[in-house]
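Trainee: What follows is the file upload_27.cif, containing mmCIF, C-alpha atoms and all ligand atoms:
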```
data_structure
loop_
_atom_site.label_atom_id
_atom_site.label_comp_id
_atom_site.auth_asym_id
_atom_site.auth_seq_id
_atom_site.Cartn_x
_atom_site.Cartn_y
_atom_site.Cartn_z
CA ASP L 1 85.56 66.08 10.16
CA TRP L 2 85.95 62.31 10.17
CA ILE L 3 87.30 60.43 13.17
CA LEU L 4 88.88 56.98 13.02
CA HIS L 5 87.52 54.68 15.73
CA ASN L 6 88.78 51.09 15.73
CA GLY L 7 89.24 51.10 11.98
CA GLU L 8 85.86 52.72 11.23
CA PHE L 9 85.52 56.27 9.90
CA ILE L 10 82.76 58.04 11.86
CA ARG L 11 81.61 61.58 12.59
CA GLU L 12 82.72 63.18 15.88
CA ASN L 13 79.15 63.14 17.30
CA GLU L 14 78.97 59.39 16.67
CA LEU L 15 82.01 58.66 18.83
CA ASN L 16 81.22 57.12 22.19
CA VAL L 17 83.89 56.12 24.66
CA SER L 18 83.01 54.27 27.86
CA LYS L 19 83.13 55.91 31.27
CA GLU L 20 85.31 52.94 32.22
CA ASP L 21 87.70 53.17 29.30
CA ARG L 22 91.10 52.41 30.86
CA GLY L 23 92.69 55.29 29.02
CA TYR L 24 90.21 57.60 30.74
CA GLN L 25 90.51 56.06 34.21
CA PHE L 26 94.18 54.96 34.35
CA GLY L 27 95.94 56.66 31.46
CA ASP L 28 96.36 53.03 30.37
CA GLY L 29 97.33 53.63 26.77
CA ILE L 30 99.86 55.17 24.42
CA TYR L 31 99.73 57.82 21.69
CA GLU L 32 101.47 59.44 18.72
CA VAL L 33 101.34 62.85 17.05
CA ILE L 34 102.22 62.73 13.36
CA ARG L 35 102.79 65.91 11.36
CA VAL L 36 101.23 66.52 7.94
CA TYR L 37 103.01 68.87 5.49
CA GLU L 38 101.44 69.60 2.08
CA GLY L 39 99.00 66.73 2.60
CA ASN L 40 101.73 64.18 3.33
CA LEU L 41 102.43 62.38 6.62
CA PHE L 42 106.02 63.21 7.71
CA THR L 43 108.12 60.34 9.11
CA ALA L 44 104.92 58.26 9.34
CA ALA L 45 106.78 54.92 9.32
CA GLU L 46 108.95 55.99 12.28
CA HIS L 47 105.93 57.20 14.26
CA ILE L 48 103.97 54.03 13.49
CA ASP L 49 106.94 51.85 14.46
CA ARG L 50 107.16 53.68 17.79
CA PHE L 51 103.36 53.43 18.26
CA TYR L 52 103.56 49.63 17.97
CA GLU L 53 106.70 49.56 20.13
CA SER L 54 105.02 51.61 22.90
CA ALA L 55 101.92 49.39 22.74
CA GLU L 56 104.07 46.26 23.00
CA LYS L 57 105.90 47.69 26.03
CA ILE L 58 102.58 47.91 27.92
CA LYS L 59 101.23 44.64 26.47
CA ILE L 60 98.53 46.12 24.23
CA VAL L 61 98.14 44.29 20.92
CA ILE L 62 97.19 46.53 17.99
CA PRO L 63 94.62 44.50 15.95
CA PHE L 64 95.88 45.80 12.58
CA THR L 65 99.09 45.32 10.61
CA LYS L 66 101.34 48.39 10.35
CA ASP L 67 100.48 48.67 6.65
CA VAL L 68 96.73 48.71 7.33
CA PHE L 69 97.29 51.22 10.15
CA HIS L 70 99.43 53.45 7.90
CA LYS L 71 96.71 53.41 5.21
CA GLN L 72 94.07 54.35 7.83
CA MET L 73 96.17 57.37 8.90
CA TYR L 74 96.68 58.38 5.28
CA ASP L 75 92.96 58.00 4.44
CA LEU L 76 91.98 60.07 7.49
CA VAL L 77 94.24 62.92 6.33
CA GLU L 78 92.79 62.71 2.82
CA MET L 79 89.18 62.60 3.99
CA ASN L 80 89.67 65.62 6.25
CA GLU L 81 91.58 67.44 3.51
CA ILE L 82 94.49 68.29 5.80
CA ASP L 83 97.21 70.26 4.04
CA ASN L 84 99.28 71.37 7.01
CA GLY L 85 98.33 69.83 10.33
CA GLN L 86 98.68 66.74 12.41
CA VAL L 87 97.15 63.40 13.27
CA TYR L 88 96.68 62.54 16.95
CA VAL L 89 96.24 58.79 17.48
CA GLN L 90 95.95 56.83 20.73
CA VAL L 91 95.17 53.31 21.79
CA THR L 92 93.90 52.32 25.26
CA ARG L 93 93.56 48.89 26.84
CA GLY L 94 89.82 49.33 26.38
CA ASP L 95 86.57 49.29 28.35
CA ALA L 96 86.19 47.07 31.44
CA ILE L 97 84.97 47.04 35.02
CA ARG L 98 87.39 49.29 36.91
CA GLN L 99 90.22 47.19 38.36
CA HIS L 100 93.96 47.92 38.32
CA HIS L 101 95.16 44.60 36.98
CA PHE L 102 94.41 43.79 33.34
CA PRO L 103 90.76 42.71 32.79
CA GLN L 104 90.36 39.29 31.23
CA ALA L 105 88.81 40.17 27.92
CA THR L 106 89.16 43.72 26.65
CA SER L 107 89.69 44.90 23.14
CA PRO L 108 91.88 47.95 22.57
CA VAL L 109 90.19 51.23 21.72
CA ILE L 110 91.95 53.23 19.00
CA VAL L 111 90.91 56.79 18.21
CA ALA L 112 92.58 59.07 15.67
CA TYR L 113 91.66 62.58 14.62
CA THR L 114 93.26 65.40 12.64
CA LYS L 115 93.61 69.11 13.10
CA LYS L 116 94.99 71.88 10.94
CA VAL L 117 98.24 73.30 12.35
CA GLU L 118 100.64 75.78 10.81
CA ARG L 119 104.40 75.68 11.37
CA PRO L 120 105.52 77.85 14.37
CA VAL L 121 107.65 80.03 12.05
CA GLU L 122 107.79 83.24 14.12
CA MET L 123 108.79 81.39 17.29
CA MET L 124 111.39 79.35 15.41
CA GLU L 125 112.89 82.60 14.12
CA ALA L 126 112.76 84.54 17.39
CA GLY L 127 113.48 81.72 19.83
CA VAL L 128 111.67 81.02 23.08
CA LYS L 129 112.25 81.07 26.84
CA ALA L 130 112.42 77.99 29.06
CA LYS L 131 112.44 77.23 32.76
CA PHE L 132 114.24 74.51 34.73
CA ILE L 133 111.75 72.23 36.46
CA GLU L 134 112.46 69.09 38.52
CA ASP L 135 111.65 65.92 36.55
CA ILE L 136 109.19 64.13 38.86
CA ARG L 137 108.05 61.62 36.24
CA TRP L 138 108.12 57.82 36.47
CA LEU L 139 111.03 55.76 35.08
CA ARG L 140 109.51 54.64 31.77
CA CYS L 141 109.65 57.93 29.89
CA ASP L 142 110.73 55.94 26.81
CA ILE L 143 107.09 54.83 26.45
CA LYS L 144 104.94 57.49 24.77
CA SER L 145 102.17 56.82 27.28
CA LEU L 146 98.98 58.67 28.21
CA ASN L 147 100.49 59.00 31.71
CA LEU L 148 101.28 62.68 31.13
CA LEU L 149 100.48 64.28 34.51
CA GLY L 150 104.18 64.86 35.32
CA ASN L 151 104.58 66.49 31.91
CA VAL L 152 101.37 68.52 32.26
CA LEU L 153 102.29 69.91 35.72
CA ALA L 154 105.75 70.87 34.46
CA LYS L 155 104.38 72.59 31.35
CA GLN L 156 101.79 74.43 33.49
CA GLU L 157 104.50 75.69 35.86
CA ALA L 158 106.60 76.85 32.90
CA HIS L 159 103.64 78.66 31.31
CA GLU L 160 102.73 80.37 34.59
CA ASP L 161 106.27 81.68 34.52
CA GLY L 162 105.88 83.00 30.95
CA SER L 163 108.09 80.24 29.52
CA TYR L 164 107.34 78.18 26.41
CA GLU L 165 108.79 74.92 27.71
CA ALA L 166 110.04 73.26 30.88
CA ILE L 167 113.60 71.92 30.88
CA LEU L 168 113.30 68.85 33.08
CA HIS L 169 116.19 67.72 35.31
CA ARG L 170 116.77 64.87 37.76
CA GLY L 171 118.96 66.52 40.35
CA GLU L 172 121.58 68.43 38.35
CA VAL L 173 121.15 66.34 35.15
CA VAL L 174 118.97 67.71 32.30
CA THR L 175 116.80 64.98 30.75
CA GLU L 176 114.37 66.51 28.22
CA GLY L 177 111.45 68.92 27.87
CA SER L 178 107.89 68.34 29.09
CA SER L 179 106.96 67.57 25.48
CA SER L 180 110.26 67.87 23.64
CA ASN L 181 113.89 66.81 23.53
CA MET L 182 116.63 69.22 24.61
CA TYR L 183 120.07 70.00 23.05
CA GLY L 184 123.01 72.22 24.01
CA LEU L 185 125.75 73.29 21.59
CA LYS L 186 129.26 74.10 22.87
CA ASN L 187 132.35 74.75 20.73
CA GLY L 188 130.64 73.24 17.68
CA VAL L 189 129.55 70.01 19.43
CA ILE L 190 125.88 69.19 20.13
CA TYR L 191 125.10 67.49 23.46
CA THR L 192 121.81 65.71 24.20
CA HIS L 193 120.66 63.13 26.75
CA PRO L 194 121.16 59.55 25.45
CA ALA L 195 118.05 57.56 24.52
CA SER L 196 117.18 55.70 27.72
CA ASN L 197 114.23 55.05 30.02
CA LEU L 198 114.59 58.65 31.25
CA ILE L 199 113.56 60.33 27.97
CA LEU L 200 111.32 59.78 24.98
CA ASN L 201 113.52 59.04 21.96
CA GLY L 202 111.87 61.66 19.77
CA ILE L 203 111.36 61.09 16.06
CA THR L 204 112.51 64.68 15.46
CA ARG L 205 115.57 63.84 17.62
CA ARG L 206 116.39 60.98 15.24
CA VAL L 207 115.96 63.25 12.19
CA ILE L 208 118.28 65.84 13.82
CA LEU L 209 120.96 63.26 14.60
CA ASN L 210 120.86 62.08 10.98
CA LEU L 211 121.06 65.66 9.69
CA CYS L 212 124.07 66.32 11.96
CA LYS L 213 125.83 63.31 10.42
CA GLU L 214 125.17 64.69 6.94
CA LEU L 215 126.32 68.18 7.99
CA GLY L 216 129.41 66.85 9.76
CA ILE L 217 128.27 68.27 13.11
CA THR L 218 129.55 66.18 16.04
CA VAL L 219 126.84 64.97 18.39
CA GLN L 220 127.65 63.63 21.86
CA GLU L 221 124.66 61.69 23.21
CA THR L 222 125.70 62.42 26.77
CA ALA L 223 123.70 64.20 29.45
CA PHE L 224 124.70 67.67 30.64
CA THR L 225 123.92 69.53 33.88
CA LYS L 226 121.84 72.64 34.50
CA THR L 227 125.06 74.63 34.99
CA GLU L 228 126.47 73.36 31.69
CA ALA L 229 123.16 74.20 29.98
CA LEU L 230 123.50 77.84 31.03
CA GLU L 231 127.06 77.95 29.65
CA MET L 232 126.13 76.56 26.22
CA ASP L 233 126.84 78.71 23.13
CA GLU L 234 123.43 77.70 21.71
CA PHE L 235 120.43 75.76 23.03
CA PHE L 236 117.37 74.31 21.28
CA MET L 237 114.50 71.87 21.70
CA SER L 238 112.74 69.58 19.23
CA SER L 239 109.39 67.87 18.80
CA THR L 240 106.97 66.91 16.04
CA THR L 241 104.96 70.08 16.65
CA ALA L 242 107.80 72.51 17.58
CA GLU L 243 110.29 71.20 14.96
CA ILE L 244 113.69 72.73 15.88
CA MET L 245 112.97 75.57 18.33
CA PRO L 246 115.83 77.80 19.59
CA ILE L 247 115.88 78.46 23.36
CA ILE L 248 117.40 81.91 23.94
CA GLN L 249 116.84 82.21 27.68
CA ILE L 250 116.64 79.77 30.62
CA ASP L 251 115.35 80.97 34.00
CA GLY L 252 115.78 84.56 32.82
CA GLN L 253 119.43 84.06 31.81
CA ASP L 254 120.44 84.64 28.16
CA ILE L 255 122.00 81.65 26.40
CA GLY L 256 124.96 82.77 24.28
CA ASP L 257 124.04 86.16 22.77
CA GLY L 258 120.39 85.70 23.73
CA VAL L 259 119.38 85.14 20.08
CA PRO L 260 118.97 81.94 18.01
CA GLY L 261 122.43 80.48 17.35
CA GLU L 262 124.01 80.14 13.92
CA LEU L 263 124.36 76.37 14.01
CA THR L 264 120.77 76.05 15.25
CA GLN L 265 119.64 78.11 12.24
CA LYS L 266 121.77 75.93 9.94
CA LEU L 267 120.02 72.86 11.39
CA GLN L 268 116.61 74.49 10.91
CA GLN L 269 117.41 75.12 7.24
CA ALA L 270 118.61 71.53 6.80
CA PHE L 271 115.47 70.24 8.56
CA GLU L 272 113.24 72.28 6.26
CA ALA L 273 115.14 71.17 3.12
CA ASN L 274 114.86 67.54 4.28
CA LEU L 275 111.17 68.01 5.02
CA LYS L 276 110.46 69.41 1.55
CA LEU L 277 112.46 66.56 0.03
CA THR L 278 110.70 63.74 1.89
CA VAL L 279 107.25 65.29 1.72
CA LYS L 280 107.24 65.88 -2.00
CA SER L 281 104.09 67.85 -2.68
C1 LIG E 301 108.07 63.89 26.70
C2 LIG E 301 108.39 64.11 25.25
N1 LIG E 301 109.69 64.09 24.85
C3 LIG E 301 110.04 64.28 23.56
C4 LIG E 301 109.09 64.52 22.59
C5 LIG E 301 109.54 64.73 21.15
O1 LIG E 301 109.22 63.59 20.41
P1 LIG E 301 108.91 63.68 18.84
O2 LIG E 301 110.13 64.34 18.21
O3 LIG E 301 108.73 62.26 18.42
O4 LIG E 301 107.69 64.52 18.70
C6 LIG E 301 107.72 64.53 22.95
C7 LIG E 301 106.70 64.77 21.85
N2 LIG E 301 105.39 64.99 22.26
C8 LIG E 301 104.38 65.11 21.24
C9 LIG E 301 104.81 65.75 19.97
O5 LIG E 301 104.01 66.92 19.82
N3 LIG E 301 103.15 67.01 20.84
C10 LIG E 301 103.30 65.98 21.72
O6 LIG E 301 102.73 65.80 22.77
C11 LIG E 301 107.36 64.33 24.29
O7 LIG E 301 106.07 64.35 24.68
#
```
Could you rewrite the structure in this file as structure tokens?
Mentor:
Amino acid sequence: DWILHNGEFIRENELNVSKEDRGYQFGDGIYEVIRVYEGNLFTAAEHIDRFYESAEKIKIVIPFTKDVFHKQMYDLVEMNEIDNGQVYVQVTRGDAIRQHHFPQATSPVIVAYTKKVERPVEMMEAGVKAKFIEDIRWLRCDIKSLNLLGNVLAKQEAHEDGSYEAILHRGEVVTEGSSSNMYGLKNGVIYTHPASNLILNGITRRVILNLCKELGITVQETAFTKTEALEMDEFFMSSTTAEIMPIIQIDGQDIGDGVPGELTQKLQQAFEANLKLTVKS
């Protein structure tokens, strides 16, 4: 496979990253995961906009225009002949003598690679289990940063418990998943935490909110509590890799009838129709 390294296409064994790369030593960088369906990048513009936005928030300047960057992503997918898969791309502040404050002259290090991934169809049909876990992360969760230890520890705790995802909460208030956004549905209304510094404003979240508008489903971007989560009629999570994933059980307690909800399934169908439309093969 080809790897993109600072605008150059190289082979994996040609890639060398410094022992003092700031992404490696400080998590000083940001990333994106972009889905590929039938050889086409899905919501690439939105992901690239957020990539540049995240970089700007931590004062990293991407040395390419968005158009050039978009073309590089597209070429990488073509060269690696990815039909269904994803692109992982990250930028770090670069290689410099280890010091916490920004080194004088560093140039950002951008690495992108692809992998083949199939859609998680069985899990989307059956639904998954989740576990409440205290949200111990910092207060800039709106930045898609490489600072993922809080997310990693939460996901690990969930997996040790046999759960697919952690439902993070600050005190009683549910924020989001360790690598997803979270939604509860009650009496036909969808509730989800508002886009703020406490969550990542997911691209899939934005697609869902648009689909709800088209379907005439009311969405309240207001946070709900753990207790309210357990009383929801339906519950689901979303991310680029999980798409719309029903959550049928939280901490061992069934949500609704303990099976994927009807409105969740309606949203999944709308998401798939939209996906096929925008990713014309
Ligand atoms: C903390 C967090 N919240 C929400 C999301 C959902 O955002 P998107 O809808 O834009 O994907 C992600 C995605 N995390 C990426 C997506 O897939 N794998 C990841 O690590 C995430 O890491």
Trainee: Kindly provide, as a PyMOL selection string, all nucleotide and amino acid residues lying within 10 Å of ligand LIG 301 (chain E), counting only C-alpha atoms and all ligand atoms.
Mentor: chain L and resi 31-35+43+46-47+50+86+88+137+141-146+148+150-152+168+175-182+198-208+237-244
Trainee: Taking all atoms listed in the file into account, name the residue in L:Asp83, L:Asp257, L:Glu221, L:Asp135 that is nearest to His193 in chain L.
Mentor: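 The answer is L:Glu221, which sits nearest to His193 in chain L.
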Trainee: Tell me, in Å to one decimal, how far CA of Val61 in chain L is from CA of Pro108 in chain L.
Mentor: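 These atoms are spaced 7.4 Å apart.
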Trainee: Grab the CA of Thr65 in chain L to CA of Phe51 in chain L distance for me, in Å with one decimal place.
Mentor: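 These two atoms are separated by 11.9 Å.
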Trainee: How many Å lie between CA of Lys129 in chain L and CA of Leu185 in chain L, rounded to one decimal?
Mentor: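 Between CA of Lys129 in chain L and CA of Leu185 in chain L the gap works out to 16.4 Å.
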Trainee: Any idea what's packed within 9 Å of Gln249 in chain L, counting only C-alpha atoms, ignoring anything in its chain fewer than 4 positions away? Could you give it as a list of chain:residue names?
Mentor: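 Close residues of Gln249 in chain L: L:Gly127, L:Val128, L:Lys129, L:Ala130, L:Lys131, L:Leu230, L:Phe235, L:Gln253, L:Asp254, L:Ile255, L:Gly256, L:Gly258, L:Val259.
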